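Okay, coords-v7.txt is below, compact mmCIF, C-alpha atoms and all ligand atoms:
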```
# COMPACT_ATOMS: atom_id res chain seq x y z
CA MET P 10 0.00 0.00 0.00
CA THR P 11 1.43 3.40 -0.97
CA ALA P 12 1.61 6.09 1.69
CA PRO P 13 -1.09 8.77 1.30
CA VAL P 14 -0.26 12.31 0.17
CA GLU P 15 0.03 14.36 3.36
CA ILE P 16 -1.12 18.00 3.36
CA THR P 17 -0.97 20.33 6.36
CA VAL P 18 -2.98 23.55 6.52
CA SER P 19 -1.78 26.15 9.02
CA THR P 20 -3.47 29.45 8.23
CA TYR P 21 -6.78 30.45 9.82
CA GLU P 22 -8.49 30.85 6.45
CA GLN P 23 -7.41 27.46 5.09
CA ALA P 24 -8.17 25.66 8.34
CA ARG P 25 -11.66 27.17 8.42
CA ASP P 26 -12.22 26.12 4.84
CA ALA P 27 -11.00 22.55 5.49
CA PHE P 28 -13.39 22.11 8.46
CA ARG P 29 -16.32 23.12 6.26
CA ARG P 30 -15.66 20.80 3.30
CA LYS P 31 -18.06 17.88 2.93
CA GLU P 32 -15.51 16.10 0.71
CA LEU P 33 -13.22 15.74 3.74
CA ARG P 34 -14.11 13.00 6.20
CA GLN P 35 -12.87 12.34 9.74
CA ALA P 36 -9.40 10.69 9.89
CA LEU P 37 -8.20 11.22 13.45
CA TYR P 38 -9.60 8.07 15.03
CA ASP P 39 -9.01 5.39 12.36
CA GLU P 40 -7.06 3.16 14.76
CA GLY P 41 -9.40 3.79 17.68
CA ASP P 42 -12.36 1.70 16.50
CA VAL P 43 -12.70 -0.20 19.77
CA VAL P 44 -14.21 2.99 21.27
CA MET P 45 -14.78 5.19 18.23
CA ALA P 46 -16.48 2.96 15.60
CA ASP P 47 -19.80 4.57 14.59
CA VAL P 48 -19.67 7.34 17.20
CA LEU P 49 -20.88 10.79 16.15
CA VAL P 50 -17.49 12.36 15.42
CA ASN P 51 -16.57 9.41 13.18
CA LEU P 52 -19.73 9.34 11.06
CA HIS P 53 -20.03 11.07 7.70
CA GLY P 54 -22.75 12.27 5.33
CA ASP P 55 -26.32 11.07 5.93
CA ASP P 56 -25.35 8.85 8.89
CA HIS P 57 -23.78 11.81 10.64
CA ARG P 58 -26.66 14.13 9.82
CA ALA P 59 -29.27 11.73 11.23
CA ARG P 60 -27.42 11.11 14.52
CA ARG P 61 -26.52 14.78 14.96
CA ARG P 62 -30.13 15.83 14.35
CA LEU P 63 -31.27 13.47 17.10
CA GLU P 64 -28.61 14.56 19.60
CA ASN P 65 -29.01 18.27 18.81
CA ARG P 66 -32.39 18.02 20.55
CA LEU P 67 -30.56 17.81 23.85
CA PHE P 68 -27.96 20.51 23.21
CA ARG P 69 -30.34 23.47 23.13
CA LYS P 70 -30.30 26.73 25.03
CA ASP P 71 -32.95 25.68 27.57
CA THR P 72 -31.04 22.49 28.42
CA HIS P 73 -27.76 24.40 28.70
CA ALA P 74 -29.40 26.91 31.04
CA ARG P 75 -30.76 24.08 33.19
CA TYR P 76 -27.32 22.45 33.40
CA GLU P 77 -25.50 25.70 34.10
CA GLN P 78 -27.95 27.12 36.60
CA GLU P 79 -29.45 24.04 38.31
CA LEU P 80 -27.65 20.75 37.72
CA PHE P 81 -23.97 21.71 37.66
CA PRO P 82 -23.60 24.13 40.64
CA PRO P 83 -24.33 21.45 43.30
CA ILE P 84 -21.93 19.01 41.55
CA VAL P 85 -19.20 21.70 41.46
CA ALA P 86 -19.83 22.62 45.11
CA ALA P 87 -19.82 18.99 46.29
CA THR P 88 -16.66 18.12 44.34
CA LEU P 89 -14.81 21.21 45.57
CA ALA P 90 -15.93 21.12 49.22
CA PRO P 91 -13.59 18.38 50.58
CA HIS P 92 -10.57 20.04 48.94
CA VAL P 93 -11.42 23.47 50.32
CA ALA P 94 -11.99 21.94 53.76
CA ARG P 95 -8.52 20.33 53.58
CA GLY P 96 -7.05 23.76 52.70
CA ARG P 97 -5.24 22.41 49.63
CA ALA P 98 -5.98 20.92 46.24
CA GLU P 99 -4.08 19.50 43.32
CA LEU P 100 -5.88 21.04 40.35
CA VAL P 101 -5.08 18.40 37.69
CA GLY P 102 -6.70 15.63 39.76
CA LEU P 103 -9.50 17.92 40.92
CA SER P 104 -10.28 19.06 37.36
CA HIS P 105 -10.70 15.52 36.10
CA GLU P 106 -12.80 14.54 39.08
CA LEU P 107 -15.02 17.57 38.53
CA MET P 108 -15.39 17.39 34.75
CA MET P 109 -15.85 13.63 34.91
CA ASN P 110 -18.83 14.17 37.23
CA LEU P 111 -20.29 16.82 34.93
CA ALA P 112 -19.69 14.71 31.80
CA ALA P 113 -21.33 11.68 33.46
CA SER P 114 -24.40 13.77 34.16
CA THR P 115 -24.58 15.03 30.53
CA ALA P 116 -23.93 11.59 29.05
CA GLY P 117 -26.52 9.92 31.29
CA VAL P 118 -24.26 7.71 33.42
CA ASP P 119 -25.91 7.39 36.82
CA ARG P 120 -23.75 7.57 39.92
CA PRO P 121 -25.49 5.35 42.48
CA LEU P 122 -22.97 6.13 45.27
CA GLY P 123 -21.84 9.61 44.28
CA THR P 124 -18.67 9.20 46.36
CA GLU P 125 -15.10 10.35 45.64
CA ASP P 126 -14.10 6.66 45.39
CA GLU P 127 -16.76 6.00 42.78
CA THR P 128 -15.60 9.05 40.79
CA ARG P 129 -12.02 7.72 40.83
CA HIS P 130 -13.26 4.29 39.75
CA LEU P 131 -15.20 5.80 36.83
CA TYR P 132 -12.21 7.98 36.01
CA ARG P 133 -9.97 4.93 35.65
CA TYR P 134 -12.42 3.61 33.03
CA LEU P 135 -12.33 6.97 31.27
CA MET P 136 -8.53 6.89 31.07
CA VAL P 137 -8.67 3.44 29.42
CA PHE P 138 -11.30 4.69 26.93
CA ILE P 139 -8.98 7.58 26.01
CA GLN P 140 -6.18 5.09 25.35
CA GLY P 141 -8.59 3.20 23.10
CA ALA P 142 -9.58 6.31 21.13
CA THR P 143 -5.92 7.28 20.64
CA LEU P 144 -4.61 3.78 19.87
CA ALA P 145 -2.72 5.23 16.86
CA HIS P 146 -0.24 6.76 19.32
CA HIS P 147 0.22 3.58 21.38
CA THR P 148 3.82 2.43 21.20
CA GLY P 149 3.34 -1.02 22.78
CA ASP P 150 1.33 -4.08 21.63
CA ARG P 151 -1.81 -2.57 20.05
CA ASP P 152 -3.83 -5.81 20.01
CA ALA P 153 -3.22 -6.31 23.73
CA LYS P 154 -4.24 -2.70 24.43
CA ARG P 155 -7.35 -3.09 22.27
CA ALA P 156 -8.36 -6.20 24.27
CA GLU P 157 -7.77 -4.33 27.54
CA VAL P 158 -9.98 -1.45 26.36
CA ALA P 159 -12.74 -3.85 25.24
CA ALA P 160 -12.66 -5.58 28.64
CA ALA P 161 -12.90 -2.20 30.44
CA MET P 162 -15.87 -1.22 28.27
CA ALA P 163 -17.66 -4.48 29.07
CA ALA P 164 -17.08 -3.95 32.80
CA PHE P 165 -18.24 -0.31 32.58
CA ASP P 166 -21.32 -1.50 30.70
CA ALA P 167 -22.27 -4.02 33.39
CA GLU P 168 -21.48 -1.73 36.31
CA PHE P 169 -22.70 1.69 35.16
CA LEU P 170 -24.40 1.70 31.77
CA ALA P 171 -26.82 -1.24 32.08
CA PRO P 172 -28.37 0.11 35.33
CA SER P 173 -28.56 3.61 33.81
CA ILE P 174 -30.37 2.19 30.76
CA ALA P 175 -32.75 0.14 32.93
CA ARG P 176 -33.71 3.21 35.01
CA ARG P 177 -34.37 5.31 31.90
CA ARG P 178 -36.37 2.59 30.16
CA ALA P 179 -38.60 2.30 33.23
CA LEU P 180 -39.12 6.09 33.31
CA LEU P 181 -39.84 6.19 29.57
CA ALA P 182 -42.43 3.42 29.99
CA GLU P 183 -44.12 5.39 32.77
CA VAL P 184 -44.19 8.54 30.62
CA GLU P 185 -45.65 6.49 27.77
CA ALA P 186 -48.33 5.13 30.10
CA GLY P 187 -49.20 8.65 31.28
CA ALA P 188 -48.08 7.93 34.85
CA ARG P 189 -45.39 10.60 34.65
CA GLY P 190 -44.78 13.84 32.79
CA GLU P 191 -41.97 14.66 30.37
CA ALA P 192 -40.36 16.85 33.03
CA ASP P 193 -39.50 13.72 35.05
CA LEU P 194 -37.18 12.43 32.32
CA PRO P 195 -33.45 13.06 32.71
CA ARG P 196 -32.03 15.44 30.13
CA ASP P 197 -29.00 13.54 28.91
CA VAL P 198 -27.56 11.85 25.83
CA LEU P 199 -28.56 8.34 26.93
CA THR P 200 -32.23 9.27 27.39
CA THR P 201 -32.17 11.05 24.01
CA LEU P 202 -30.80 7.92 22.33
CA LEU P 203 -33.20 5.56 24.11
CA ARG P 204 -36.26 7.65 23.18
CA ASN P 205 -35.30 6.91 19.62
CA GLU P 206 -37.67 9.52 18.27
CA ASP P 207 -36.05 9.39 14.84
CA ASP P 208 -36.24 5.58 14.59
CA LEU P 209 -32.49 5.24 14.36
CA HIS P 210 -32.56 1.91 16.24
CA LEU P 211 -28.99 2.06 17.42
CA PRO P 212 -27.61 -1.36 18.42
CA ASP P 213 -26.50 -1.81 22.05
CA ASP P 214 -22.79 -1.79 21.17
CA VAL P 215 -23.16 1.59 19.38
CA VAL P 216 -25.00 3.07 22.38
CA LEU P 217 -22.16 1.83 24.63
CA ARG P 218 -19.50 3.43 22.45
CA GLU P 219 -21.46 6.68 22.01
CA ILE P 220 -21.75 7.08 25.78
CA CYS P 221 -18.06 6.24 26.34
CA PHE P 222 -17.23 8.80 23.64
CA PHE P 223 -19.39 11.50 25.28
CA LEU P 224 -17.63 10.87 28.58
CA LEU P 225 -14.23 11.38 27.05
CA ALA P 226 -15.25 14.22 24.71
CA GLY P 227 -16.76 16.19 27.60
CA ALA P 228 -14.44 15.43 30.52
CA HIS P 229 -10.83 15.63 29.33
CA THR P 230 -11.22 18.72 27.12
CA SER P 231 -13.02 20.72 29.81
CA ALA P 232 -10.60 19.58 32.54
CA THR P 233 -7.52 20.78 30.63
CA ALA P 234 -9.21 24.10 29.75
CA PHE P 235 -10.09 24.56 33.44
CA VAL P 236 -6.53 24.05 34.76
CA ARG P 237 -4.94 26.09 31.98
CA THR P 238 -7.29 29.03 32.55
CA LEU P 239 -6.65 29.01 36.29
CA HIS P 240 -2.95 29.04 35.48
CA GLN P 241 -3.35 32.06 33.19
CA VAL P 242 -5.34 33.95 35.83
CA LEU P 243 -2.99 33.09 38.72
CA GLU P 244 -0.03 33.93 36.47
CA MET P 245 -1.36 37.49 35.97
CA GLU P 246 -1.16 38.16 39.71
CA ASP P 247 2.04 40.28 39.67
CA ALA P 248 1.92 41.83 36.20
CA ARG P 249 -1.81 42.51 35.87
CA PRO P 250 -3.46 42.62 39.31
CA ASP P 251 -6.46 44.58 37.92
CA ASP P 252 -7.24 41.75 35.50
CA VAL P 253 -7.01 39.18 38.31
CA ALA P 254 -9.42 41.23 40.41
CA ARG P 255 -11.76 41.56 37.43
CA ALA P 256 -11.59 37.82 36.64
CA SER P 257 -12.71 37.14 40.22
CA THR P 258 -15.73 39.45 40.07
CA ASP P 259 -16.77 39.71 36.41
CA LEU P 260 -17.84 36.33 35.03
CA GLY P 261 -18.12 37.71 31.47
CA PHE P 262 -14.44 38.74 31.63
CA LEU P 263 -13.47 35.35 33.09
CA GLN P 264 -15.33 33.73 30.21
CA ARG P 265 -13.08 35.74 27.83
CA CYS P 266 -10.04 34.40 29.74
CA VAL P 267 -11.30 30.85 29.12
CA HIS P 268 -11.81 31.57 25.41
CA GLU P 269 -8.35 33.11 25.07
CA THR P 270 -6.80 30.12 26.87
CA VAL P 271 -8.64 27.62 24.66
CA ARG P 272 -7.52 29.55 21.55
CA LEU P 273 -3.86 29.43 22.54
CA GLN P 274 -4.00 25.83 23.77
CA PRO P 275 -6.65 23.83 21.90
CA SER P 276 -7.49 20.49 23.55
CA SER P 277 -6.39 18.68 20.42
CA PRO P 278 -3.56 20.49 18.58
CA ILE P 279 -4.66 19.00 15.24
CA ALA P 280 -7.71 17.73 13.38
CA GLN P 281 -7.37 15.30 10.48
CA ARG P 282 -9.46 14.45 7.43
CA TRP P 283 -9.35 12.11 4.40
CA ALA P 284 -10.10 13.65 0.99
CA LEU P 285 -12.99 11.77 -0.67
CA ALA P 286 -12.52 13.75 -3.92
CA ASP P 287 -10.07 16.15 -5.57
CA ILE P 288 -10.65 19.60 -4.08
CA GLU P 289 -8.98 22.98 -3.85
CA LEU P 290 -8.78 24.74 -0.51
CA ALA P 291 -8.66 28.51 0.09
CA GLY P 292 -5.41 30.01 -1.17
CA GLY P 293 -5.24 27.51 -4.04
CA VAL P 294 -4.08 24.43 -2.07
CA ALA P 295 -4.78 21.41 -4.29
CA VAL P 296 -5.88 18.32 -2.36
CA PRO P 297 -6.03 15.09 -4.38
CA GLU P 298 -8.54 12.32 -3.56
CA GLY P 299 -7.07 9.96 -0.95
CA ALA P 300 -4.84 12.63 0.62
CA ARG P 301 -4.78 13.10 4.38
CA VAL P 302 -5.27 16.71 5.46
CA THR P 303 -3.90 17.75 8.84
CA ILE P 304 -5.43 20.94 10.24
CA ASP P 305 -2.80 22.53 12.47
CA LEU P 306 -4.96 24.24 15.08
CA MET P 307 -2.06 25.54 17.14
CA ALA P 308 -0.79 27.49 14.10
CA ALA P 309 -4.20 28.53 12.71
CA ASN P 310 -5.27 29.89 16.12
CA ARG P 311 -2.14 32.08 16.24
CA ASP P 312 -2.42 33.38 12.68
CA PRO P 313 -1.76 37.18 12.84
CA ALA P 314 -4.10 37.65 9.85
CA ALA P 315 -7.01 36.71 12.15
CA PHE P 316 -5.74 37.49 15.66
CA GLY P 317 -3.44 40.49 15.15
CA ASP P 318 0.26 41.17 15.66
CA HIS P 319 0.51 39.69 19.14
CA ALA P 320 -1.46 36.57 18.30
CA ASP P 321 0.84 34.43 20.50
CA ALA P 322 0.14 36.45 23.65
CA PHE P 323 -2.59 35.82 26.24
CA ASP P 324 -4.77 38.92 25.98
CA PRO P 325 -8.40 38.67 27.12
CA HIS P 326 -8.93 42.28 25.96
CA ARG P 327 -8.09 41.32 22.37
CA GLU P 328 -10.28 42.97 19.69
CA LEU P 329 -11.20 40.60 16.88
CA PRO P 330 -12.39 41.14 13.31
CA ALA P 331 -16.05 40.33 12.63
CA GLY P 332 -16.62 36.61 12.09
CA VAL P 333 -13.53 35.46 14.04
CA ALA P 334 -14.44 33.58 17.22
CA PRO P 335 -12.44 34.40 20.38
CA TRP P 336 -11.62 30.67 20.82
CA GLY P 337 -10.30 30.47 17.25
CA LEU P 338 -11.02 27.06 15.74
CA SER P 339 -10.62 25.13 19.00
CA PHE P 340 -14.20 23.85 18.87
CA GLY P 341 -13.96 22.92 15.19
CA LEU P 342 -16.43 24.10 12.55
CA GLY P 343 -18.72 22.61 9.95
CA MET P 344 -20.45 19.24 10.34
CA HIS P 345 -18.37 18.10 13.34
CA ALA P 346 -18.40 21.45 15.17
CA CYS P 347 -18.35 20.64 18.88
CA ILE P 348 -21.87 19.83 20.09
CA GLY P 349 -20.83 20.73 23.67
CA GLN P 350 -19.29 24.13 22.87
CA ASP P 351 -22.02 26.30 24.40
CA LEU P 352 -22.23 23.98 27.38
CA ALA P 353 -18.46 24.13 28.00
CA ALA P 354 -17.68 27.74 27.08
CA GLY P 355 -21.05 29.53 26.94
CA ILE P 356 -22.08 32.09 24.35
CA ASP P 357 -19.50 34.55 23.01
CA PRO P 358 -19.89 37.66 25.27
CA MET P 359 -17.93 40.00 23.02
CA GLY P 360 -19.39 43.26 21.92
CA ARG P 361 -22.77 42.89 23.59
CA GLY P 362 -24.30 43.55 26.96
CA LEU P 363 -24.82 40.39 28.98
CA ASP P 364 -28.52 39.78 29.60
CA ALA P 365 -29.83 37.95 32.64
CA ASP P 366 -30.00 34.61 30.84
CA HIS P 367 -26.51 34.83 29.32
CA LEU P 368 -24.76 31.44 29.28
CA TYR P 369 -21.22 31.55 30.69
CA GLY P 370 -20.40 27.86 30.28
CA LEU P 371 -19.33 25.20 32.73
CA VAL P 372 -15.58 25.88 32.47
CA PRO P 373 -15.85 29.60 33.42
CA THR P 374 -18.39 28.73 36.14
CA ALA P 375 -16.11 26.07 37.62
CA VAL P 376 -13.02 28.32 37.43
CA ARG P 377 -15.01 31.01 39.20
CA ALA P 378 -15.90 28.60 42.02
CA VAL P 379 -12.20 27.87 42.62
CA LEU P 380 -11.30 31.58 42.58
CA ASP P 381 -14.22 32.32 44.92
CA ALA P 382 -12.82 29.74 47.34
CA GLY P 383 -9.61 31.82 47.44
CA ALA P 384 -7.21 29.51 45.55
CA ARG P 385 -3.56 30.68 45.69
CA ARG P 386 -0.36 29.09 44.37
CA ILE P 387 2.00 27.63 46.96
CA ALA P 388 5.48 29.21 46.84
CA ASP P 389 7.42 26.09 47.89
CA ASP P 390 5.28 23.62 45.88
CA PRO P 391 5.19 25.05 42.32
CA PRO P 392 3.17 23.50 39.46
CA THR P 393 5.00 21.03 37.20
CA VAL P 394 4.40 20.01 33.58
CA ASP P 395 3.64 16.33 32.85
CA PRO P 396 7.01 15.02 31.55
CA GLU P 397 5.29 12.36 29.41
CA SER P 398 2.98 14.78 27.64
CA THR P 399 3.85 16.25 24.26
CA ARG P 400 0.80 18.52 24.56
CA GLY P 401 2.02 20.64 27.46
CA TYR P 402 -0.40 19.22 30.04
CA TRP P 403 0.18 20.14 33.64
CA GLY P 404 1.30 17.13 35.70
CA ARG P 405 0.64 18.65 39.15
CA TYR P 406 -0.86 22.01 40.03
CA PRO P 407 -1.02 22.48 43.82
CA VAL P 408 -3.03 25.36 45.28
CA ALA P 409 -3.93 26.40 48.82
CA PHE P 410 -7.27 27.67 50.12
CA PRO P 411 -7.62 29.93 53.16
CA THR P 412 -8.71 27.91 56.18
C1 LIG X 1 -13.23 23.03 26.34
C2 LIG X 1 -14.00 22.02 26.02
C3 LIG X 1 -14.10 21.38 24.64
C4 LIG X 1 -13.29 21.49 23.53
C5 LIG X 1 -12.03 22.34 23.37
C6 LIG X 1 -13.87 20.66 22.48
C7 LIG X 1 -13.35 20.53 21.21
C8 LIG X 1 -13.98 19.83 20.16
C9 LIG X 1 -13.53 19.81 18.79
C10 LIG X 1 -12.27 20.50 18.25
C11 LIG X 1 -14.40 19.05 18.08
C12 LIG X 1 -14.35 18.77 16.55
C13 LIG X 1 -13.52 17.56 16.22
C14 LIG X 1 -13.32 17.39 14.73
O1 LIG X 1 -13.76 18.22 13.93
O2 LIG X 1 -12.68 16.42 14.35
C15 LIG X 1 -15.40 18.58 18.99
C16 LIG X 1 -16.45 17.75 18.65
C17 LIG X 1 -17.31 17.21 19.59
N1 LIG X 1 -17.40 17.54 20.94
FE1 LIG X 1 -16.28 18.88 21.92
N2 LIG X 1 -14.99 20.05 22.98
C18 LIG X 1 -15.18 20.47 24.29
C19 LIG X 1 -16.21 20.12 25.15
C20 LIG X 1 -17.18 19.21 24.85
C21 LIG X 1 -18.24 18.80 25.75
C22 LIG X 1 -18.47 19.36 27.16
C23 LIG X 1 -18.95 17.83 25.09
C24 LIG X 1 -20.15 17.05 25.55
C25 LIG X 1 -21.05 17.45 26.34
C26 LIG X 1 -18.36 17.67 23.76
C27 LIG X 1 -18.83 16.81 22.81
C28 LIG X 1 -18.39 16.78 21.49
C29 LIG X 1 -18.98 15.93 20.47
C30 LIG X 1 -20.09 14.92 20.68
C31 LIG X 1 -18.32 16.20 19.26
C32 LIG X 1 -18.57 15.59 17.90
C33 LIG X 1 -19.57 16.42 17.14
C34 LIG X 1 -19.88 15.86 15.76
O3 LIG X 1 -19.08 15.09 15.22
O4 LIG X 1 -20.95 16.21 15.21
N3 LIG X 1 -17.30 18.51 23.66
N4 LIG X 1 -15.13 19.08 20.27
```

Spit out the file's structure as structure tokens when you get a sec.
Ligand code: HEM
Amino acid sequence: MTAPVEITVSTYEQARDAFRRKELRQALYDEGDVVMADVLVNLHGDDHRARRRLENRLFRKDTHARYEQELFPPIVAATLAPHVARGRAELVGLSHELMMNLAASTAGVDRPLGTEDETRHLYRYLMVFIQGATLAHHTGDRDAKRAEVAAAMAAFDAEFLAPSIARRRALLAEVEAGARGEADLPRDVLTTLLRNEDDLHLPDDVVLREICFFLLAGAHTSATAFVRTLHQVLEMEDARPDDVARASTDLGFLQRCVHETVRLQPSSPIAQRWALADIELAGGVAVPEGARVTIDLMAANRDPAAFGDHADAFDPHRELPAGVAPWGLSFGLGMHACIGQDLAAGIDPMGRGLDADHLYGLVPTAVRAVLDAGARRIADDPPTVDPESTRGYWGRYPVAFPT
């Protein structure tokens, strides 16, 4: 088999164009079938449209408002409380615990115990699912890893998913029989899939993978954005004390800090697509059928043509040209544009007054909760970068809370 033609696009304009092309299909998860076969981000054309239409029903403004204002605050408070009481926290662990709990609630994975131990147990499953989705980067025996991931998914299914399905099926039957109202149904991905209003009839193994995918799509991305934003805010302490004070009191400004952080450090530094036909991208880049297109998000999000002369700098006051989002292309665009974007990062607050029902997003809201609790860096226990990560993840980020 001959190696495919490889094309990398690095400017904002070309990257935006590539995301929007229907002739380009998902290529990032080809090796990760054990988790990623037939999940939303891996579907194309009519199959993708049908699944997305069904799931879009959940990701609407009223559901986001309910999550942000009612469902998430108690989860954030309960997850944070033991750390604040101890007077210290390690933000990398805390962020995953927190976002894992929020992602489980969005995906529809019930938490019968709701304990810290149960969160850690579920988190270990999540880490194995991530290894499954990114099998292409696994340097050891891939078949052995694939078998390990499949075994973890089967155990997760028996322990968490099957009881969550049974509870929802019982509720749906009661709604059908008129014994309950619609308002009693959980608003989550699993319930949306089980209602099957579009007659998609997804097999059990696809439902299992879709839920595992939603857990990893929601938890890891939001957790890294959360720690990185806190770092940016705490980092401003000496040089820009006014901005730190504003970030602690003005949630719209803090939301801009999250967007600027996500622009500079997208959760995934690249997206990849296969060309299904010969096409030409903006700027005259010829892409032959069968080529693999890598969208370099790190570069596109720092393109001075879109973000100005100091595109590399963290500047939450940055003015942007019309049509350029403050988070750059970090939530993708086109058919696979992130379904959880508004939930994670809220609605773009730039250039408009914030009305009472403005959505700030779960990452800004969670960062705010940590700042409200008085988080401070610890002089003799500085944060360290994960030595095994090529993506600049923090390994440890200790903070203290006033006691
Ligand atoms: C800071 C947080 C997040 C970031 C940076 C992020 C980033 C992205 C990106 C870049 C894509 C497009 C991938 C591609 O085109 O290949 C995407 C798709 C997706 N994201 Fe997110 N995401 C975040 C949070 C979430 C959350 C909270 C959820 C779930 C509630 C979620 C669910 C999804 C799903 C289901 C897709 C696939 C959409 C489709 O294929 O139609 N994401 N995300």

Could you make a table, as CSV, of the residues of chain P that have an atom within 8 Å of an atom of ligand LIG 1 (chain X), each with its nearest atom pair and distance in Å to one decimal, counting all atoms listed in the file, in chain and number order?
```
residue,atom,partner,partner_atom,distance
P:Phe28,CA,X:LIG1,O1,6.7
P:Gln35,CA,X:LIG1,O2,6.2
P:Ala36,CA,X:LIG1,O2,8.0
P:Leu37,CA,X:LIG1,O2,6.9
P:Leu49,CA,X:LIG1,O3,4.8
P:Val50,CA,X:LIG1,O3,3.2
P:Asn51,CA,X:LIG1,O3,6.5
P:Leu52,CA,X:LIG1,O3,7.1
P:His57,CA,X:LIG1,O4,6.9
P:Arg61,CA,X:LIG1,O4,5.8
P:Ala112,CA,X:LIG1,C25,6.3
P:Thr115,CA,X:LIG1,C25,6.0
P:Ala116,CA,X:LIG1,C25,7.1
P:Phe222,CA,X:LIG1,C30,7.4
P:Phe223,CA,X:LIG1,C24,5.6
P:Leu224,CA,X:LIG1,C24,7.3
P:Ala226,CA,X:LIG1,C26,4.7
P:Gly227,CA,X:LIG1,C21,3.5
P:Ala228,CA,X:LIG1,C22,6.6
P:His229,CA,X:LIG1,C2,7.9
P:Thr230,CA,X:LIG1,C2,4.5
P:Ser231,CA,X:LIG1,C2,4.1
P:Ala232,CA,X:LIG1,C1,7.6
P:Thr233,CA,X:LIG1,C1,7.5
P:Ala234,CA,X:LIG1,C1,5.4
P:Phe235,CA,X:LIG1,C1,7.9
P:Val271,CA,X:LIG1,C5,6.4
P:Pro275,CA,X:LIG1,C5,5.8
P:Ser276,CA,X:LIG1,C5,4.9
P:Ser277,CA,X:LIG1,C10,6.5
P:Ala280,CA,X:LIG1,O2,5.2
P:Gln281,CA,X:LIG1,O2,6.7
P:Arg282,CA,X:LIG1,O2,7.9
P:Leu338,CA,X:LIG1,C10,7.1
P:Ser339,CA,X:LIG1,C10,5.0
P:Phe340,CA,X:LIG1,C10,3.9
P:Gly341,CA,X:LIG1,C10,4.3
P:Leu342,CA,X:LIG1,O1,6.6
P:Gly343,CA,X:LIG1,O1,7.7
P:Met344,CA,X:LIG1,O4,5.8
P:His345,CA,X:LIG1,O3,3.6
P:Ala346,CA,X:LIG1,C12,5.0
P:Cys347,CA,X:LIG1,C16,3.5
P:Ile348,CA,X:LIG1,C28,4.8
P:Gly349,CA,X:LIG1,C23,3.7
P:Gln350,CA,X:LIG1,C19,5.5
P:Leu352,CA,X:LIG1,C22,6.0
P:Ala353,CA,X:LIG1,C22,4.8
P:Ala354,CA,X:LIG1,C1,6.5
P:Val372,CA,X:LIG1,C1,7.2
```

Next on the checklist: Please list as a list in words every residue within 12 Å of Leu243 in chain P, counting all atoms listed in the file and excluding residues in the same chain fewer than 4 positions away.
Outcome noted: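 Near Leu243 in chain P, the qualifying residues are Val236, Arg237, Thr238, Leu239, Asp247, Ala248, Arg249, Pro250, Asp252, Val253, Ala254, Ala256, Ser257, Cys266, Val376, Val379, Leu380, Gly383, Ala384, Arg385, Arg386, Ile387, Pro392, Tyr406, Pro407 and Val408 of chain P.
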
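Using all atoms listed in the file, the shortest contact distance between Ala160 in chain P and any of P:Glu191, P:Met307, P:Val44, P:Thr11 is found at P:Val44.
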
Checklist outcome for this item: Nearest to Ala291 in chain P, restricted to all atoms listed in the file and choosing among P:Ala12, P:Ser114, P:Leu80, P:Thr20, comes out as P:Thr20

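CA of Gln140 in chain P to CA of Ala113 in chain P spans 18.4 Å [interatomic distance, one decimal].
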
Checklist entry - Rounded to one decimal in Å, what is the spacing between CA of Thr258 in chain P and CA of Gly401 in chain P? => result 28.8 Å

Can we get range 379-405 of chain P of that structure written down with C-alpha atoms, as a JSON list (two decimals), in the first residue's frame?
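Writing the result to selection.json gives the following:
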```json
[["chain", "number", "residue", "atom", "x", "y", "z"],
["P", 379, "VAL", "CA", -12.20, 27.87, 42.62],
["P", 380, "LEU", "CA", -11.30, 31.58, 42.58],
["P", 381, "ASP", "CA", -14.22, 32.32, 44.92],
["P", 382, "ALA", "CA", -12.82, 29.74, 47.34],
["P", 383, "GLY", "CA", -9.61, 31.82, 47.44],
["P", 384, "ALA", "CA", -7.21, 29.51, 45.55],
["P", 385, "ARG", "CA", -3.56, 30.68, 45.69],
["P", 386, "ARG", "CA", -0.36, 29.09, 44.37],
["P", 387, "ILE", "CA", 2.00, 27.63, 46.96],
["P", 388, "ALA", "CA", 5.48, 29.21, 46.84],
["P", 389, "ASP", "CA", 7.42, 26.09, 47.89],
["P", 390, "ASP", "CA", 5.28, 23.62, 45.88],
["P", 391, "PRO", "CA", 5.19, 25.05, 42.32],
["P", 392, "PRO", "CA", 3.17, 23.50, 39.46],
["P", 393, "THR", "CA", 5.00, 21.03, 37.20],
["P", 394, "VAL", "CA", 4.40, 20.01, 33.58],
["P", 395, "ASP", "CA", 3.64, 16.33, 32.85],
["P", 396, "PRO", "CA", 7.01, 15.02, 31.55],
["P", 397, "GLU", "CA", 5.29, 12.36, 29.41],
["P", 398, "SER", "CA", 2.98, 14.78, 27.64],
["P", 399, "THR", "CA", 3.85, 16.25, 24.26],
["P", 400, "ARG", "CA", 0.80, 18.52, 24.56],
["P", 401, "GLY", "CA", 2.02, 20.64, 27.46],
["P", 402, "TYR", "CA", -0.40, 19.22, 30.04],
["P", 403, "TRP", "CA", 0.18, 20.14, 33.64],
["P", 404, "GLY", "CA", 1.30, 17.13, 35.70],
["P", 405, "ARG", "CA", 0.64, 18.65, 39.15]]
```
